[in-house]
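Undergrad: One structure is given below, represented as structure tokens, and several questions about it will come after.
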Amino acid sequence: MTINILGVGASLRKQSNSTAALKIALDGAKKHGAQIRLLNLRETELPLYKTKNESGESEIHKVEEDVNWADAFILASPDYHGSMSGSMKNFLDYFWTEFAGKMFGYICSSHEKGLTVMDHMRTAVRQCYGWSMPYGVSIQGGEDFDANGKIANDELSQRLEMLARDLVVYGELVRTQFTRDLRNNLNETFASRYRK
């Protein structure tokens with residue numbers, strides 16, 4: 001199986017540190033054999049979620065296609081008052097069944113490690129029966145990046161590489177088993193509720 005990983009960047013800043021780190025993590029995943037795509041919510045504006053029937057279908061069609069394509073995700077958000085950005089929350093509001101049986105990794109740009117931000121994203125994903133890596137990557141722009149936007153912190157490089165590798169390996173395990181469980185007739189698995 002070749003794993004498909006969708007990175008979702010939720011900062012609306014032009015020079016976003018969280019999106020820069022996300023791109024590095026995606027490149028790392030590609031080196032480990034993943035197919036990658038980037039959904040930058042600064043460039044792809046999702047309308048404020050109402051319901052799928054009320055939202056403009058053409059506006060969300062490409063995003064929906066990317067989400068269905070993905071076997072795993074990396075969510076990257078700045079820390080806004082201890083929680084994820086509004087654009088990330090809006091993205092998560094659009095999807096739920098599409099996240100079941102898929103692995104998620106997290107990146108947060110924060111002056112305070114972003115632990116509550118990543119916990120909020122994990123909580124939303126868990127409610128949708130997605131799986132989460134047991135750690136995330138926190139970045140602090142002024143300390144971790146130089147004036148040219150390049151990583152200036154070796155430890156951050158190592159953590160992004162670890163996230164990329166682990167997401168490919170564990171994401172593939174979870175997705176492969178979930179897909180198997182969808183095909184078999186066992187009812188003792190949560191995947192049974194997603195059979196068509």
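Here, A, B, ... name the chains of the structure tokens in the order displayed, residue numbers run from 1 inside each chain, and ligands are numbered from 1 in the same displayed order.
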Would you give me, as a PyMOL selection string, the residues in range 8-178 of chain A that DSSP reads as alpha helix (DSSP H)?

TA: chain A and resi 17-31+57-69+86-94+115-127+141-144+154-178

Undergrad: I want to know what sits within 7 Å of Val8 in chain A, based on only C-alpha atoms, with residues of the same chain fewer than 6 positions away left out; could you give that as an mmCIF file with N, CA and C atoms, in the first residue's frame?

TA:
data_model
loop_
_atom_site.group_PDB
_atom_site.id
_atom_site.type_symbol
_atom_site.label_atom_id
_atom_site.label_comp_id
_atom_site.auth_asym_id
_atom_site.auth_seq_id
_atom_site.Cartn_x
_atom_site.Cartn_y
_atom_site.Cartn_z
ATOM 1 N N LEU A 38 -0.950 19.132 -0.299
ATOM 2 C CA LEU A 38 -1.073 20.222 0.668
ATOM 3 C C LEU A 38 -2.380 20.958 0.423
ATOM 4 N N LEU A 39 -3.156 21.115 1.482
ATOM 5 C CA LEU A 39 -4.342 21.965 1.453
ATOM 6 C C LEU A 39 -4.022 23.170 2.320
ATOM 7 N N ASN A 40 -3.764 24.306 1.688
ATOM 8 C CA ASN A 40 -3.440 25.527 2.404
ATOM 9 C C ASN A 40 -4.715 26.359 2.508
ATOM 10 N N ILE A 74 -1.774 15.476 8.282
ATOM 11 C CA ILE A 74 -1.014 16.298 9.219
ATOM 12 C C ILE A 74 -1.764 17.621 9.308
ATOM 13 N N LEU A 75 -2.230 17.959 10.504
ATOM 14 C CA LEU A 75 -2.929 19.216 10.731
ATOM 15 C C LEU A 75 -1.957 20.210 11.358
ATOM 16 N N ALA A 76 -1.850 21.389 10.764
ATOM 17 C CA ALA A 76 -0.935 22.416 11.275
ATOM 18 C C ALA A 76 -1.714 23.693 11.539
#

Undergrad: Using only C-alpha atoms, pick whichever of A:Asn90, A:Thr97, A:Ser83, A:Asn187 has the shortest atom-to-atom distance to Thr116 in chain A.

TA: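 The answer is A:Ser83, which sits nearest to Thr116 in chain A.
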
Undergrad: Take CA of Tyr94 in chain A and CA of Ile5 in chain A and report the distance between them in Å, one decimal.

TA: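 CA of Ile5 in chain A lies 18.3 Å from CA of Tyr94 in chain A.
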
Undergrad: Could you pull the residues within 12 Å of Gln127 in chain A, counting only C-alpha atoms, minus those fewer than 6 positions along the same chain, as a compact mmCIF listing (two decimals) with N, CA, C and O atoms, in the first residue's frame?

TA:
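The result, written out as selection02.txt:
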# COMPACT_ATOMS: atom_id res chain seq x y z
N LEU A 92 -12.48 21.19 10.01
CA LEU A 92 -12.88 19.97 10.73
C LEU A 92 -14.39 19.83 10.80
O LEU A 92 -14.92 18.71 10.81
N ASP A 93 -15.12 20.94 10.85
CA ASP A 93 -16.57 20.89 10.91
C ASP A 93 -17.19 20.27 9.66
O ASP A 93 -18.28 19.70 9.71
N PHE A 95 -16.16 17.72 7.89
CA PHE A 95 -15.96 16.29 7.67
C PHE A 95 -16.04 15.53 8.99
O PHE A 95 -15.70 16.05 10.04
N TRP A 96 -16.49 14.29 8.94
CA TRP A 96 -16.49 13.43 10.13
C TRP A 96 -16.34 11.97 9.71
O TRP A 96 -15.34 11.35 10.03
N THR A 97 -17.27 11.41 8.95
CA THR A 97 -17.12 10.01 8.56
C THR A 97 -15.86 9.81 7.72
O THR A 97 -15.27 8.73 7.75
N GLU A 98 -15.42 10.84 7.02
CA GLU A 98 -14.23 10.75 6.18
C GLU A 98 -12.94 10.57 7.00
O GLU A 98 -11.92 10.17 6.47
N PHE A 99 -12.99 10.85 8.31
CA PHE A 99 -11.80 10.76 9.15
C PHE A 99 -11.66 9.39 9.83
O PHE A 99 -10.60 9.08 10.37
N ALA A 100 -12.71 8.59 9.80
CA ALA A 100 -12.69 7.30 10.51
C ALA A 100 -11.61 6.40 9.94
O ALA A 100 -11.44 6.28 8.73
N GLY A 101 -10.85 5.76 10.85
CA GLY A 101 -9.84 4.80 10.43
C GLY A 101 -8.63 5.43 9.76
O GLY A 101 -7.91 4.75 9.03
N HIS A 120 -7.11 20.01 21.43
CA HIS A 120 -8.41 20.34 20.83
C HIS A 120 -8.56 19.68 19.46
O HIS A 120 -9.64 19.16 19.14
N MET A 121 -7.49 19.67 18.67
CA MET A 121 -7.56 19.01 17.37
C MET A 121 -7.73 17.50 17.56
O MET A 121 -8.54 16.87 16.87

Undergrad: How close does range 40-132 of chain A get to range 138-160 of chain A? List, as a Markdown table, each residue of range 40-132 of chain A within 7 Å, its nearest atom pair and the distance in Å to one decimal, counting only C-alpha atoms.

TA:
| residue | atom | partner | partner_atom | distance |
| --- | --- | --- | --- | --- |
| A:Ile107 | CA | A:Ser138 | CA | 5.8 |
| A:Cys108 | CA | A:Ser138 | CA | 4.9 |
| A:Ser109 | CA | A:Ile139 | CA | 4.7 |
| A:Ser110 | CA | A:Gln140 | CA | 5.5 |
| A:His111 | CA | A:Gln140 | CA | 5.7 |
| A:Lys113 | CA | A:Ser138 | CA | 5.4 |
| A:Gly114 | CA | A:Ser138 | CA | 6.2 |

Undergrad: Please determine, counting only C-alpha atoms, which residue among A:Arg195, A:Gln35, A:Asp119, A:Asp27 has the shortest atom-to-atom distance to Arg183 in chain A.

TA: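 The shortest atom-to-atom distance to Arg183 in chain A comes from A:Arg195.
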
Undergrad: I'd like to know which of A:Thr179, A:Leu22, A:Leu173, A:Ala10 is closest to Gly136 in chain A, using only C-alpha atoms.

TA: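 Closest to Gly136 in chain A of all the choices is A:Leu22.
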
Undergrad: Report as a ChimeraX atom specification: the residues of range 23-104 of chain A with a DSSP assignment of strand (DSSP E), based on the backbone of this structure.

TA: /A:35-40,72-78,103-104

Undergrad: Selected residues, N, CA and C atoms, written as a PDB file, in the first residue's frame, please.

TA:
ATOM      1  N   GLN A  35       2.512   9.386  -0.877  1.00  0.00           N
ATOM      2  CA  GLN A  35       2.010  10.378  -1.836  1.00  0.00           C
ATOM      3  C   GLN A  35       1.503  11.532  -0.977  1.00  0.00           C
ATOM      4  N   ILE A  36       1.799  12.758  -1.361  1.00  0.00           N
ATOM      5  CA  ILE A  36       1.432  13.899  -0.514  1.00  0.00           C
ATOM      6  C   ILE A  36       0.647  14.948  -1.286  1.00  0.00           C
ATOM      7  N   ARG A  37      -0.182  15.656  -0.545  1.00  0.00           N
ATOM      8  CA  ARG A  37      -0.887  16.837  -1.047  1.00  0.00           C
ATOM      9  C   ARG A  37      -0.932  17.859   0.087  1.00  0.00           C
ATOM     10  N   LEU A  38      -0.950  19.132  -0.299  1.00  0.00           N
ATOM     11  CA  LEU A  38      -1.073  20.222   0.668  1.00  0.00           C
ATOM     12  C   LEU A  38      -2.380  20.958   0.423  1.00  0.00           C
ATOM     13  N   LEU A  39      -3.156  21.115   1.482  1.00  0.00           N
ATOM     14  CA  LEU A  39      -4.342  21.965   1.453  1.00  0.00           C
ATOM     15  C   LEU A  39      -4.022  23.170   2.320  1.00  0.00           C
ATOM     16  N   ASN A  40      -3.764  24.306   1.688  1.00  0.00           N
ATOM     17  CA  ASN A  40      -3.440  25.527   2.404  1.00  0.00           C
ATOM     18  C   ASN A  40      -4.715  26.359   2.508  1.00  0.00           C
ATOM     19  N   ALA A  72      -4.154   9.495   5.626  1.00  0.00           N
ATOM     20  CA  ALA A  72      -3.644  10.077   6.861  1.00  0.00           C
ATOM     21  C   ALA A  72      -3.519  11.586   6.657  1.00  0.00           C
ATOM     22  N   PHE A  73      -3.409  12.308   7.771  1.00  0.00           N
ATOM     23  CA  PHE A  73      -3.386  13.773   7.732  1.00  0.00           C
ATOM     24  C   PHE A  73      -2.300  14.316   8.647  1.00  0.00           C
ATOM     25  N   ILE A  74      -1.774  15.476   8.282  1.00  0.00           N
ATOM     26  CA  ILE A  74      -1.014  16.298   9.219  1.00  0.00           C
ATOM     27  C   ILE A  74      -1.764  17.621   9.308  1.00  0.00           C
ATOM     28  N   LEU A  75      -2.230  17.959  10.504  1.00  0.00           N
ATOM     29  CA  LEU A  75      -2.929  19.216  10.731  1.00  0.00           C
ATOM     30  C   LEU A  75      -1.957  20.210  11.358  1.00  0.00           C
ATOM     31  N   ALA A  76      -1.850  21.389  10.764  1.00  0.00           N
ATOM     32  CA  ALA A  76      -0.935  22.416  11.275  1.00  0.00           C
ATOM     33  C   ALA A  76      -1.714  23.693  11.539  1.00  0.00           C
ATOM     34  N   SER A  77      -1.631  24.172  12.777  1.00  0.00           N
ATOM     35  CA  SER A  77      -2.385  25.368  13.164  1.00  0.00           C
ATOM     36  C   SER A  77      -1.542  26.263  14.054  1.00  0.00           C
ATOM     37  N   PRO A  78      -1.743  27.584  13.934  1.00  0.00           N
ATOM     38  CA  PRO A  78      -1.180  28.466  14.958  1.00  0.00           C
ATOM     39  C   PRO A  78      -1.999  28.350  16.238  1.00  0.00           C
ATOM     40  N   MET A 103      -5.094   8.050  10.318  1.00  0.00           N
ATOM     41  CA  MET A 103      -4.155   8.536  11.318  1.00  0.00           C
ATOM     42  C   MET A 103      -3.901  10.028  11.122  1.00  0.00           C
ATOM     43  N   PHE A 104      -3.727  10.746  12.241  1.00  0.00           N
ATOM     44  CA  PHE A 104      -3.497  12.184  12.222  1.00  0.00           C
ATOM     45  C   PHE A 104      -2.238  12.530  13.005  1.00  0.00           C
TER      46      PHE A 104
END

Undergrad: With only C-alpha atoms as the counted atoms, please give the residues lying no more than 12 Å from Lys102 in chain A, apart from itself and same-chain residues fewer than 3 positions off, as an NGL selection string.

TA: :A and (3-6 or 67-74 or 96-99 or 105 or 125-126 or 128-133 or 167-168 or 170-179 or 191)

Undergrad: Between CA of Glu64 in chain A and CA of Arg42 in chain A, what distance in Å does the model show, to one decimal?

TA: 16.6 Å

Undergrad: Rounded to one decimal, what separation in Å do you get between CA of Leu26 in chain A and CA of Leu41 in chain A?

TA: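 The value is 15.9 Å.
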
Undergrad: Quick one: everything within 6 Å of Ala164 in chain A, counting only C-alpha atoms, minus sequence neighbours fewer than 2 positions away in the same chain. Send it as a ChimeraX atom specification.

TA: /A:25,28-29,161-162,166-167

Undergrad: Using all heavy atoms, can you write the selected residues to a file as a short mmCIF file (atom, residue, chain, number, x, y, z; two decimals), in the first residue's frame?

TA:
data_model
loop_
_atom_site.label_atom_id
_atom_site.label_comp_id
_atom_site.auth_asym_id
_atom_site.auth_seq_id
_atom_site.Cartn_x
_atom_site.Cartn_y
_atom_site.Cartn_z
N ALA A 25 7.49 18.58 6.83
CA ALA A 25 7.01 17.26 7.25
C ALA A 25 6.46 16.47 6.06
O ALA A 25 6.71 15.26 5.94
CB ALA A 25 5.94 17.41 8.34
N GLY A 28 9.25 15.12 4.09
CA GLY A 28 9.80 13.97 4.79
C GLY A 28 8.97 12.72 4.56
O GLY A 28 9.51 11.63 4.35
N ALA A 29 7.65 12.87 4.59
CA ALA A 29 6.76 11.72 4.35
C ALA A 29 6.95 11.18 2.93
O ALA A 29 6.93 9.97 2.70
CB ALA A 29 5.32 12.12 4.60
N GLU A 161 11.05 15.14 11.08
CA GLU A 161 11.42 13.91 10.39
C GLU A 161 10.79 12.70 11.08
O GLU A 161 10.29 11.78 10.43
CB GLU A 161 12.95 13.76 10.35
CG GLU A 161 13.45 12.44 9.78
CD GLU A 161 13.03 12.17 8.35
OE1 GLU A 161 12.82 13.14 7.58
OE2 GLU A 161 12.89 10.98 8.00
N MET A 162 10.80 12.68 12.42
CA MET A 162 10.19 11.59 13.17
C MET A 162 8.69 11.53 12.90
O MET A 162 8.13 10.45 12.67
CB MET A 162 10.45 11.78 14.67
CG MET A 162 9.89 10.67 15.54
SD MET A 162 10.39 10.83 17.29
CE MET A 162 9.35 12.19 17.82
N ASP A 166 6.94 8.33 11.23
CA ASP A 166 5.96 7.61 12.04
C ASP A 166 4.56 7.65 11.42
O ASP A 166 3.83 6.66 11.47
CB ASP A 166 5.91 8.17 13.46
CG ASP A 166 7.12 7.77 14.30
OD1 ASP A 166 7.92 6.92 13.84
OD2 ASP A 166 7.27 8.31 15.40
N LEU A 167 4.20 8.78 10.84
CA LEU A 167 2.88 8.88 10.22
C LEU A 167 2.76 7.94 9.03
O LEU A 167 1.70 7.32 8.82
CB LEU A 167 2.59 10.32 9.81
CG LEU A 167 1.13 10.60 9.43
CD1 LEU A 167 0.19 10.39 10.62
CD2 LEU A 167 0.99 12.02 8.90
#

Undergrad: When distances are computed from only C-alpha atoms, which of A:Gly7, A:Met1, A:Leu48, A:Thr123 shows the smallest separation from Ile24 in chain A?

TA: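 The closest residue to Ile24 in chain A is A:Gly7.
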